[in-house]
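Let me begin by presenting the structure, written as structure tokens, before commenting on it.
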Amino acid sequence: MKKILILGGGTGGTIMANRLRKALERDEWEITVVDQFKTHYYQPGFLFIPFGIYNKYDVIKPKADFFPAGVKVLYEKTDKIEPDQNRVLLDGGQVLPYDYLIIATGTQTQPGETPGLKGPLWYKEIFDFYTIEGAVALSRFLKTWEGGHLVMNIAEMPYKCPVAPLEFVFLADAFFHETGIRNKVKISYVTPLPGAFTKPQATKMLSGLLEEKNIKVVPEFYLESVDNEKKVIKSYDGQEIPFDLLTIVPVNMGNKAIERSGMGDDLNFVPTDKHTLRSEKYENIFVLGDASNIPTSKAGSVVHFASEVLFDNLMATIEDRPMLAKFDGHANCYIETGFGKGSIIDFNYDTEPLPGTFPLPGIGPFGLLQNTKLNHYGKVLFRWIYWHILLKGKEMPIESEMSMAGKKL
């Protein structure tokens, strides 16, 4: 019997398990998923927890609910991959051979990479919201905070869900208005980017919103360390920014198993062909989502669109056909902007976010680079779509290849 091994039971690994189980004969192919954790997190929902919009039970479900019958699941930690021998070693000593390997091990926050970040103020006056623990701790803190200087800092690129820090400051602005202390809160958005976002038209729209909401942007700030005693963040060029409350996107890195396997770059992301999604070095290894080093957003929509291309190319490889599917870097992101409104962007490797309507030209119902209530409802609806359609590998009405229909050049 031939074996497909999927490392990681998050969004990407779950989608692939569902797609492949439907496509491959059970008496010919064994599909195994390896993941050390039994809980599946709806990570876009973490953003809402600090402001009391969601609680932690709104964003967690058992992973077992989403794996199809006929897929073997091992809840164990991966020690390392031995690609030259086509096998994976688990922490408990078990050896798993494979014919094809899908690496979907994601990215993790590593606050220990920044000197002083996990100091005495960690989860007291310094928080991340990219983990369930950080989001819940920040929620408790904000219930009694009376104001001061809120600094939202991005430690380093790349990081998961590039618009989430922007959404955080937009929601914070609305939250402090609703609690009656906005006039007591200064909000600063501190980023290593030259502006609010990476692309010009989106940066212009988002910068306008930040200015309108009296949120100061501090660009090109490269975090070197955090001084817990003085309550300042320091950049490599000597800048210091004081804070009363620091929310931070810590350094993001790939799984430690990638490092132990000698398969990653400096941040433990796997070198991957950006179009075929196959490993640059190994023909029977494919890489999905945040685990790869492809030059696009580390976002859930990328995993969704890329999974379709990876599936097609893996099936072509299995059937000894040429790989014809090409991933164009397609990503789209709903952006919460506060007060029940939102925006949406849709882009790929070559095309920046443009204004227009999405997904239907002239009809929408969502407005690209627009700030509307319908866009907010799209974000809210997506949680249901995620649990009931996306994870189960069902067909979605949006193609993996980005369409120019509805976009205005």
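Each chain of the structure tokens is named A, B, ... in the order shown, its residues numbered from 1; ligands are numbered from 1 in display order.
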
Considering only C-alpha atoms, give me a table of residues in stretch 172-273 of chain A that are at most 8 Å from stretch 129-148 of chain A, with the closest atom pair and distance in Å for each, as JSON lines.
{"residue": "A:Ile181", "atom": "CA", "partner": "A:Gly147", "partner_atom": "CA", "distance": 6.6}
{"residue": "A:Arg182", "atom": "CA", "partner": "A:Gly147", "partner_atom": "CA", "distance": 7.9}
{"residue": "A:Lys184", "atom": "CA", "partner": "A:Gly147", "partner_atom": "CA", "distance": 5.1}
{"residue": "A:Val185", "atom": "CA", "partner": "A:Gly148", "partner_atom": "CA", "distance": 4.9}
{"residue": "A:Lys186", "atom": "CA", "partner": "A:Gly148", "partner_atom": "CA", "distance": 6.2}
{"residue": "A:Phe243", "atom": "CA", "partner": "A:Gly148", "partner_atom": "CA", "distance": 7.8}
{"residue": "A:Asp244", "atom": "CA", "partner": "A:Gly148", "partner_atom": "CA", "distance": 5.6}
{"residue": "A:Leu245", "atom": "CA", "partner": "A:Gly148", "partner_atom": "CA", "distance": 7.4}
{"residue": "A:Thr247", "atom": "CA", "partner": "A:Phe129", "partner_atom": "CA", "distance": 7.5}
{"residue": "A:Ile248", "atom": "CA", "partner": "A:Phe129", "partner_atom": "CA", "distance": 7.6}
{"residue": "A:Val249", "atom": "CA", "partner": "A:Tyr130", "partner_atom": "CA", "distance": 7.2}

Which residues are near stretch 226-231 of chain A? Cut-off 7 Å, only C-alpha atoms, ignore same chain within fewer than 4 positions. Put them as a PDB file with C-alpha atoms, in the first residue's frame.
ATOM      1  CA  PRO A 115      15.421  40.265  24.170  1.00  0.00           C
ATOM      2  CA  GLY A 116      13.207  41.386  27.044  1.00  0.00           C
ATOM      3  CA  LEU A 117       9.884  40.575  25.415  1.00  0.00           C
ATOM      4  CA  GLY A 119      10.155  39.668  30.816  1.00  0.00           C
ATOM      5  CA  PRO A 120       8.293  40.577  34.017  1.00  0.00           C
ATOM      6  CA  LEU A 121       5.560  42.455  32.100  1.00  0.00           C
ATOM      7  CA  PRO A 242       7.394  54.352  25.580  1.00  0.00           C
ATOM      8  CA  PHE A 243       4.260  52.350  26.276  1.00  0.00           C
TER       9      PHE A 243
END

Using only C-alpha atoms, find each residue in stretch 295-345 of chain A having at least one atom no more than 7 Å away from stretch 157-166 of chain A; report its shortest atom-to-atom pair and that distance in Å (one decimal), rows by chain then rising number, as a tab-separated table.
residue	atom	partner	partner_atom	distance
A:Ser297	CA	A:Pro162	CA	6.7
A:Lys298	CA	A:Lys160	CA	4.7
A:Ala299	CA	A:Cys161	CA	4.7
A:Ile335	CA	A:Val163	CA	6.6

Would you please give, as a PDB file with N, CA and C atoms, in the first residue's frame, all residues of stretch 201-376 of chain A that DSSP assigns to strand (DSSP E) based on the backbone?
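Once everything was written out, this is selection.pdb:
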ATOM      1  N   ILE A 215      -4.870  57.498  14.878  1.00  0.00           N
ATOM      2  CA  ILE A 215      -3.893  56.449  15.217  1.00  0.00           C
ATOM      3  C   ILE A 215      -2.589  56.796  14.514  1.00  0.00           C
ATOM      4  N   LYS A 216      -1.542  56.987  15.278  1.00  0.00           N
ATOM      5  CA  LYS A 216      -0.248  57.411  14.731  1.00  0.00           C
ATOM      6  C   LYS A 216       0.507  56.215  14.164  1.00  0.00           C
ATOM      7  N   VAL A 217       1.054  56.377  12.949  1.00  0.00           N
ATOM      8  CA  VAL A 217       1.879  55.340  12.340  1.00  0.00           C
ATOM      9  C   VAL A 217       3.358  55.694  12.530  1.00  0.00           C
ATOM     10  N   VAL A 218       4.120  54.736  13.064  1.00  0.00           N
ATOM     11  CA  VAL A 218       5.572  54.885  13.176  1.00  0.00           C
ATOM     12  C   VAL A 218       6.192  53.850  12.240  1.00  0.00           C
ATOM     13  N   LEU A 223      12.417  46.340  15.579  1.00  0.00           N
ATOM     14  CA  LEU A 223      12.510  46.055  17.009  1.00  0.00           C
ATOM     15  C   LEU A 223      13.791  45.313  17.367  1.00  0.00           C
ATOM     16  N   GLU A 224      14.516  45.856  18.330  1.00  0.00           N
ATOM     17  CA  GLU A 224      15.740  45.207  18.828  1.00  0.00           C
ATOM     18  C   GLU A 224      15.507  44.565  20.191  1.00  0.00           C
ATOM     19  N   SER A 225      14.793  45.269  21.093  1.00  0.00           N
ATOM     20  CA  SER A 225      14.585  44.730  22.440  1.00  0.00           C
ATOM     21  C   SER A 225      13.439  45.469  23.125  1.00  0.00           C
ATOM     22  N   VAL A 226      13.015  44.916  24.252  1.00  0.00           N
ATOM     23  CA  VAL A 226      11.979  45.516  25.090  1.00  0.00           C
ATOM     24  C   VAL A 226      12.571  45.730  26.479  1.00  0.00           C
ATOM     25  N   ASP A 227      12.467  46.954  26.981  1.00  0.00           N
ATOM     26  CA  ASP A 227      12.949  47.277  28.328  1.00  0.00           C
ATOM     27  C   ASP A 227      11.747  47.308  29.259  1.00  0.00           C
ATOM     28  N   VAL A 232       9.776  50.681  27.522  1.00  0.00           N
ATOM     29  CA  VAL A 232      10.008  51.203  26.178  1.00  0.00           C
ATOM     30  C   VAL A 232      10.383  50.042  25.258  1.00  0.00           C
ATOM     31  N   ILE A 233      10.064  50.212  23.963  1.00  0.00           N
ATOM     32  CA  ILE A 233      10.604  49.313  22.951  1.00  0.00           C
ATOM     33  C   ILE A 233      11.726  50.059  22.232  1.00  0.00           C
ATOM     34  N   LYS A 234      12.782  49.322  21.892  1.00  0.00           N
ATOM     35  CA  LYS A 234      13.966  49.928  21.287  1.00  0.00           C
ATOM     36  C   LYS A 234      14.193  49.347  19.901  1.00  0.00           C
ATOM     37  N   SER A 235      14.569  50.212  18.971  1.00  0.00           N
ATOM     38  CA  SER A 235      14.888  49.761  17.620  1.00  0.00           C
ATOM     39  C   SER A 235      16.397  49.622  17.464  1.00  0.00           C
ATOM     40  N   GLU A 240      13.496  54.917  20.705  1.00  0.00           N
ATOM     41  CA  GLU A 240      12.791  54.355  21.852  1.00  0.00           C
ATOM     42  C   GLU A 240      11.359  54.871  21.855  1.00  0.00           C
ATOM     43  N   ILE A 241      10.410  53.961  22.042  1.00  0.00           N
ATOM     44  CA  ILE A 241       9.003  54.344  22.111  1.00  0.00           C
ATOM     45  C   ILE A 241       8.438  53.852  23.439  1.00  0.00           C
ATOM     46  N   PRO A 242       7.960  54.769  24.295  1.00  0.00           N
ATOM     47  CA  PRO A 242       7.394  54.352  25.580  1.00  0.00           C
ATOM     48  C   PRO A 242       5.992  53.783  25.401  1.00  0.00           C
ATOM     49  N   LEU A 245       0.723  50.125  27.527  1.00  0.00           N
ATOM     50  CA  LEU A 245       0.227  48.810  27.123  1.00  0.00           C
ATOM     51  C   LEU A 245       0.857  48.482  25.772  1.00  0.00           C
ATOM     52  N   LEU A 246       1.570  47.360  25.715  1.00  0.00           N
ATOM     53  CA  LEU A 246       2.213  46.938  24.468  1.00  0.00           C
ATOM     54  C   LEU A 246       1.518  45.688  23.948  1.00  0.00           C
ATOM     55  N   THR A 247       0.951  45.786  22.747  1.00  0.00           N
ATOM     56  CA  THR A 247       0.475  44.584  22.055  1.00  0.00           C
ATOM     57  C   THR A 247       1.434  44.352  20.891  1.00  0.00           C
ATOM     58  N   ILE A 248       1.803  43.107  20.692  1.00  0.00           N
ATOM     59  CA  ILE A 248       2.910  42.839  19.779  1.00  0.00           C
ATOM     60  C   ILE A 248       2.651  41.593  18.934  1.00  0.00           C
ATOM     61  N   VAL A 249       3.129  41.650  17.703  1.00  0.00           N
ATOM     62  CA  VAL A 249       3.232  40.454  16.874  1.00  0.00           C
ATOM     63  C   VAL A 249       4.673  39.978  17.011  1.00  0.00           C
ATOM     64  N   ASN A 252       7.787  35.482  13.968  1.00  0.00           N
ATOM     65  CA  ASN A 252       7.155  34.242  13.509  1.00  0.00           C
ATOM     66  C   ASN A 252       8.217  33.333  12.907  1.00  0.00           C
ATOM     67  N   MET A 253       8.167  32.061  13.241  1.00  0.00           N
ATOM     68  CA  MET A 253       9.112  31.085  12.694  1.00  0.00           C
ATOM     69  C   MET A 253       8.389  29.793  12.361  1.00  0.00           C
ATOM     70  N   GLY A 254       8.960  29.043  11.428  1.00  0.00           N
ATOM     71  CA  GLY A 254       8.430  27.738  11.105  1.00  0.00           C
ATOM     72  C   GLY A 254       8.684  26.744  12.221  1.00  0.00           C
ATOM     73  N   ILE A 285       7.917  15.791  -2.086  1.00  0.00           N
ATOM     74  CA  ILE A 285       7.503  16.593  -0.930  1.00  0.00           C
ATOM     75  C   ILE A 285       6.842  17.877  -1.425  1.00  0.00           C
ATOM     76  N   PHE A 286       5.644  18.149  -0.917  1.00  0.00           N
ATOM     77  CA  PHE A 286       4.923  19.381  -1.219  1.00  0.00           C
ATOM     78  C   PHE A 286       4.743  20.173   0.080  1.00  0.00           C
ATOM     79  N   VAL A 287       4.636  21.484  -0.043  1.00  0.00           N
ATOM     80  CA  VAL A 287       4.565  22.350   1.140  1.00  0.00           C
ATOM     81  C   VAL A 287       3.365  23.275   1.005  1.00  0.00           C
ATOM     82  N   ALA A 331      -4.481  35.904  -2.693  1.00  0.00           N
ATOM     83  CA  ALA A 331      -4.878  36.089  -1.295  1.00  0.00           C
ATOM     84  C   ALA A 331      -6.010  37.093  -1.254  1.00  0.00           C
ATOM     85  N   ASN A 332      -6.958  36.870  -0.370  1.00  0.00           N
ATOM     86  CA  ASN A 332      -7.914  37.946  -0.079  1.00  0.00           C
ATOM     87  C   ASN A 332      -8.174  37.991   1.416  1.00  0.00           C
ATOM     88  N   CYS A 333      -8.372  39.193   1.915  1.00  0.00           N
ATOM     89  CA  CYS A 333      -8.481  39.383   3.353  1.00  0.00           C
ATOM     90  C   CYS A 333      -9.596  40.368   3.666  1.00  0.00           C
ATOM     91  N   TYR A 334     -10.504  39.959   4.538  1.00  0.00           N
ATOM     92  CA  TYR A 334     -11.445  40.906   5.123  1.00  0.00           C
ATOM     93  C   TYR A 334     -10.703  41.670   6.221  1.00  0.00           C
ATOM     94  N   ILE A 335     -10.960  42.963   6.315  1.00  0.00           N
ATOM     95  CA  ILE A 335     -10.286  43.806   7.302  1.00  0.00           C
ATOM     96  C   ILE A 335     -11.341  44.476   8.166  1.00  0.00           C
ATOM     97  N   GLU A 336     -11.415  44.099   9.432  1.00  0.00           N
ATOM     98  CA  GLU A 336     -12.320  44.769  10.355  1.00  0.00           C
ATOM     99  C   GLU A 336     -11.814  46.184  10.609  1.00  0.00           C
ATOM    100  N   THR A 337     -12.697  47.176  10.477  1.00  0.00           N
ATOM    101  CA  THR A 337     -12.280  48.562  10.670  1.00  0.00           C
ATOM    102  C   THR A 337     -12.990  49.235  11.845  1.00  0.00           C
ATOM    103  N   GLY A 338     -13.797  48.473  12.575  1.00  0.00           N
ATOM    104  CA  GLY A 338     -14.457  49.017  13.757  1.00  0.00           C
ATOM    105  C   GLY A 338     -15.836  49.591  13.462  1.00  0.00           C
ATOM    106  N   LYS A 341     -18.059  47.995  10.629  1.00  0.00           N
ATOM    107  CA  LYS A 341     -17.680  48.122   9.223  1.00  0.00           C
ATOM    108  C   LYS A 341     -16.407  47.333   8.934  1.00  0.00           C
ATOM    109  N   GLY A 342     -16.159  47.134   7.639  1.00  0.00           N
ATOM    110  CA  GLY A 342     -14.959  46.411   7.246  1.00  0.00           C
ATOM    111  C   GLY A 342     -14.588  46.720   5.811  1.00  0.00           C
ATOM    112  N   SER A 343     -13.404  46.258   5.433  1.00  0.00           N
ATOM    113  CA  SER A 343     -12.941  46.388   4.060  1.00  0.00           C
ATOM    114  C   SER A 343     -12.505  45.008   3.576  1.00  0.00           C
ATOM    115  N   ILE A 344     -12.124  44.919   2.312  1.00  0.00           N
ATOM    116  CA  ILE A 344     -11.625  43.653   1.769  1.00  0.00           C
ATOM    117  C   ILE A 344     -10.609  43.965   0.677  1.00  0.00           C
ATOM    118  N   ILE A 345      -9.565  43.151   0.623  1.00  0.00           N
ATOM    119  CA  ILE A 345      -8.550  43.272  -0.417  1.00  0.00           C
ATOM    120  C   ILE A 345      -8.367  41.922  -1.091  1.00  0.00           C
ATOM    121  N   ASP A 346      -8.030  41.956  -2.380  1.00  0.00           N
ATOM    122  CA  ASP A 346      -7.864  40.744  -3.190  1.00  0.00           C
ATOM    123  C   ASP A 346      -6.664  40.983  -4.107  1.00  0.00           C
ATOM    124  N   PHE A 347      -5.640  40.119  -4.017  1.00  0.00           N
ATOM    125  CA  PHE A 347      -4.404  40.388  -4.756  1.00  0.00           C
ATOM    126  C   PHE A 347      -3.625  39.097  -4.965  1.00  0.00           C
ATOM    127  N   GLY A 356     -12.889  48.082  -6.425  1.00  0.00           N
ATOM    128  CA  GLY A 356     -13.851  47.396  -7.282  1.00  0.00           C
ATOM    129  C   GLY A 356     -14.884  46.660  -6.461  1.00  0.00           C
ATOM    130  N   THR A 357     -15.470  45.611  -7.055  1.00  0.00           N
ATOM    131  CA  THR A 357     -16.475  44.794  -6.375  1.00  0.00           C
ATOM    132  C   THR A 357     -16.016  43.338  -6.369  1.00  0.00           C
ATOM    133  N   PHE A 358     -16.476  42.595  -5.350  1.00  0.00           N
ATOM    134  CA  PHE A 358     -16.020  41.209  -5.163  1.00  0.00           C
ATOM    135  C   PHE A 358     -17.155  40.386  -4.553  1.00  0.00           C
ATOM    136  N   PRO A 359     -17.349  39.126  -4.972  1.00  0.00           N
ATOM    137  CA  PRO A 359     -16.631  38.436  -6.044  1.00  0.00           C
ATOM    138  C   PRO A 359     -17.232  38.652  -7.425  1.00  0.00           C
ATOM    139  N   LEU A 360     -18.439  39.283  -7.500  1.00  0.00           N
ATOM    140  CA  LEU A 360     -19.105  39.448  -8.791  1.00  0.00           C
ATOM    141  C   LEU A 360     -18.898  40.863  -9.314  1.00  0.00           C
ATOM    142  N   GLY A 364     -20.910  42.679  -6.590  1.00  0.00           N
ATOM    143  CA  GLY A 364     -20.312  42.477  -5.278  1.00  0.00           C
ATOM    144  C   GLY A 364     -20.748  41.167  -4.648  1.00  0.00           C
ATOM    145  N   PRO A 365     -21.289  41.162  -3.459  1.00  0.00           N
ATOM    146  CA  PRO A 365     -21.791  42.319  -2.719  1.00  0.00           C
ATOM    147  C   PRO A 365     -20.720  43.089  -1.932  1.00  0.00           C
ATOM    148  N   PHE A 366     -19.460  42.621  -1.996  1.00  0.00           N
ATOM    149  CA  PHE A 366     -18.422  43.230  -1.183  1.00  0.00           C
ATOM    150  C   PHE A 366     -17.647  44.264  -1.995  1.00  0.00           C
ATOM    151  N   GLY A 367     -17.227  45.335  -1.322  1.00  0.00           N
ATOM    152  CA  GLY A 367     -16.526  46.422  -1.984  1.00  0.00           C
ATOM    153  C   GLY A 367     -15.043  46.401  -1.701  1.00  0.00           C
ATOM    154  N   LEU A 368     -14.235  46.192  -2.729  1.00  0.00           N
ATOM    155  CA  LEU A 368     -12.782  46.162  -2.569  1.00  0.00           C
ATOM    156  C   LEU A 368     -12.256  47.551  -2.213  1.00  0.00           C
TER     157      LEU A 368
END

*Distance query A:Glu220 at most 7 Å, only C-alpha atoms, self and fewer than 2 positions along chain excluded, as a PyMOL selection string*: chain A and resi 191-194+218+222

Any chance you can output those residues with N, CA and C atoms as a PDB file, in the first residue's frame?
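Generated output (selection-v4.pdb):
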ATOM      1  N   THR A 191       5.623  49.761  12.967  1.00  0.00           N
ATOM      2  CA  THR A 191       5.814  48.702  11.984  1.00  0.00           C
ATOM      3  C   THR A 191       7.168  48.795  11.295  1.00  0.00           C
ATOM      4  N   PRO A 192       7.740  47.664  10.907  1.00  0.00           N
ATOM      5  CA  PRO A 192       8.969  47.712  10.105  1.00  0.00           C
ATOM      6  C   PRO A 192       8.721  48.123   8.657  1.00  0.00           C
ATOM      7  N   LEU A 193       7.459  48.133   8.232  1.00  0.00           N
ATOM      8  CA  LEU A 193       7.129  48.534   6.868  1.00  0.00           C
ATOM      9  C   LEU A 193       7.258  50.047   6.702  1.00  0.00           C
ATOM     10  N   PRO A 194       7.385  50.520   5.455  1.00  0.00           N
ATOM     11  CA  PRO A 194       7.450  51.973   5.229  1.00  0.00           C
ATOM     12  C   PRO A 194       6.105  52.665   5.379  1.00  0.00           C
ATOM     13  N   VAL A 218       4.120  54.736  13.064  1.00  0.00           N
ATOM     14  CA  VAL A 218       5.572  54.885  13.176  1.00  0.00           C
ATOM     15  C   VAL A 218       6.192  53.850  12.240  1.00  0.00           C
ATOM     16  N   TYR A 222      12.505  48.843  13.457  1.00  0.00           N
ATOM     17  CA  TYR A 222      12.972  47.459  13.516  1.00  0.00           C
ATOM     18  C   TYR A 222      13.291  47.114  14.966  1.00  0.00           C
TER      19      TYR A 222
END

*Using DSSP on the backbone, list every residue of stretch 327-395 of chain A that comes out as helix (DSSP H, G or I), and give them as an NGL selection string.*
:A and (373-390)

Listing only residues of stretch 49-113 of chain A within 9 Å of stretch 378-397 of chain A, what is the closest atom pair and its distance in Å (to one decimal) for each, using only C-alpha atoms, sorted by chain and residue number ascending, as CSV?
residue,atom,partner,partner_atom,distance
A:Val59,CA,A:Arg383,CA,8.7
A:Phe66,CA,A:Lys392,CA,6.4
A:Phe67,CA,A:Lys392,CA,7.8
A:Pro68,CA,A:Lys392,CA,8.1

*asked:* What's around stretch 9-14 of chain A at 7 Å? Count only C-alpha atoms, leave out sequence neighbours fewer than 5 positions away in its own chain, and write the answer as a ChimeraX atom specification.
replied: /A:33-35,40,66-67,104,288-289,303,307,391

Let's have the selection written as an mmCIF file, in the first residue's frame, with C-alpha atoms.
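Below is the file part-v2.cif, written as the result:
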data_model
loop_
_atom_site.group_PDB
_atom_site.id
_atom_site.type_symbol
_atom_site.label_atom_id
_atom_site.label_comp_id
_atom_site.auth_asym_id
_atom_site.auth_seq_id
_atom_site.Cartn_x
_atom_site.Cartn_y
_atom_site.Cartn_z
ATOM 1 C CA VAL A 33 -2.020 13.052 9.549
ATOM 2 C CA VAL A 34 0.452 13.831 12.331
ATOM 3 C CA ASP A 35 -0.201 16.680 14.793
ATOM 4 C CA HIS A 40 -8.350 23.101 16.229
ATOM 5 C CA PHE A 66 -12.898 17.516 10.730
ATOM 6 C CA PHE A 67 -10.807 14.538 9.634
ATOM 7 C CA ALA A 104 1.696 21.842 6.596
ATOM 8 C CA LEU A 288 1.324 24.115 1.995
ATOM 9 C CA GLY A 289 0.558 27.424 3.656
ATOM 10 C CA VAL A 303 -3.888 28.104 2.279
ATOM 11 C CA SER A 307 -4.527 23.735 -1.489
ATOM 12 C CA LEU A 391 -11.949 22.657 6.389
#

*Can you pull out every residue within 7 Å of A:Leu310, counting only C-alpha atoms, but drop anything in the same chain fewer than 3 positions away, and send it as an MDAnalysis selection string?*
chainID A and resid 276:277 306:307 313:314

_Please determine, counting only C-alpha atoms, which residue among A:Phe327, A:Trp29, A:Phe176, A:Tyr377 has the shortest atom-to-atom distance to A:Tyr100._
A:Trp29

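Those residues that approach A:Leu101 to within 7 Å, counting only C-alpha atoms, are A:Ile4, A:Leu5, A:Ile6, A:Tyr98, A:Asp99, A:Ile103, A:Asn284, A:Ile285, A:Phe286; same-chain residues fewer than 2 positions away are not listed.
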
Could those residues be written to a file, using N, CA and C atoms, as an mmCIF file, in the first residue's frame?
data_model
loop_
_atom_site.group_PDB
_atom_site.id
_atom_site.type_symbol
_atom_site.label_atom_id
_atom_site.label_comp_id
_atom_site.auth_asym_id
_atom_site.auth_seq_id
_atom_site.Cartn_x
_atom_site.Cartn_y
_atom_site.Cartn_z
ATOM 1 N N ILE A 4 0.659 8.395 1.923
ATOM 2 C CA ILE A 4 0.765 9.853 1.940
ATOM 3 C C ILE A 4 0.764 10.289 3.402
ATOM 4 N N LEU A 5 1.770 11.068 3.752
ATOM 5 C CA LEU A 5 1.911 11.534 5.123
ATOM 6 C C LEU A 5 1.741 13.053 5.131
ATOM 7 N N ILE A 6 0.864 13.539 5.993
ATOM 8 C CA ILE A 6 0.611 14.976 6.129
ATOM 9 C C ILE A 6 1.081 15.405 7.515
ATOM 10 N N TYR A 98 7.034 7.183 3.931
ATOM 11 C CA TYR A 98 6.034 7.790 3.051
ATOM 12 C C TYR A 98 6.474 7.671 1.596
ATOM 13 N N ASP A 99 5.481 7.692 0.717
ATOM 14 C CA ASP A 99 5.744 7.847 -0.709
ATOM 15 C C ASP A 99 5.679 9.322 -1.087
ATOM 16 N N ILE A 103 4.024 18.917 3.855
ATOM 17 C CA ILE A 103 4.415 19.651 5.057
ATOM 18 C C ILE A 103 3.451 20.819 5.224
ATOM 19 N N ASN A 284 9.090 14.449 -4.139
ATOM 20 C CA ASN A 284 7.910 13.820 -3.527
ATOM 21 C C ASN A 284 7.467 14.536 -2.250
ATOM 22 N N ILE A 285 7.917 15.791 -2.086
ATOM 23 C CA ILE A 285 7.503 16.593 -0.930
ATOM 24 C C ILE A 285 6.842 17.877 -1.425
ATOM 25 N N PHE A 286 5.644 18.149 -0.917
ATOM 26 C CA PHE A 286 4.923 19.381 -1.219
ATOM 27 C C PHE A 286 4.743 20.173 0.080
#

*With only C-alpha atoms as the basis for distance, which of A:Lys63, A:Lys77, A:Lys22, A:His275 is at the shortest distance from A:Leu7?*
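Of A:Lys63, A:Lys77, A:Lys22, A:His275, the one nearest A:Leu7, counting only C-alpha atoms, is A:Lys77.
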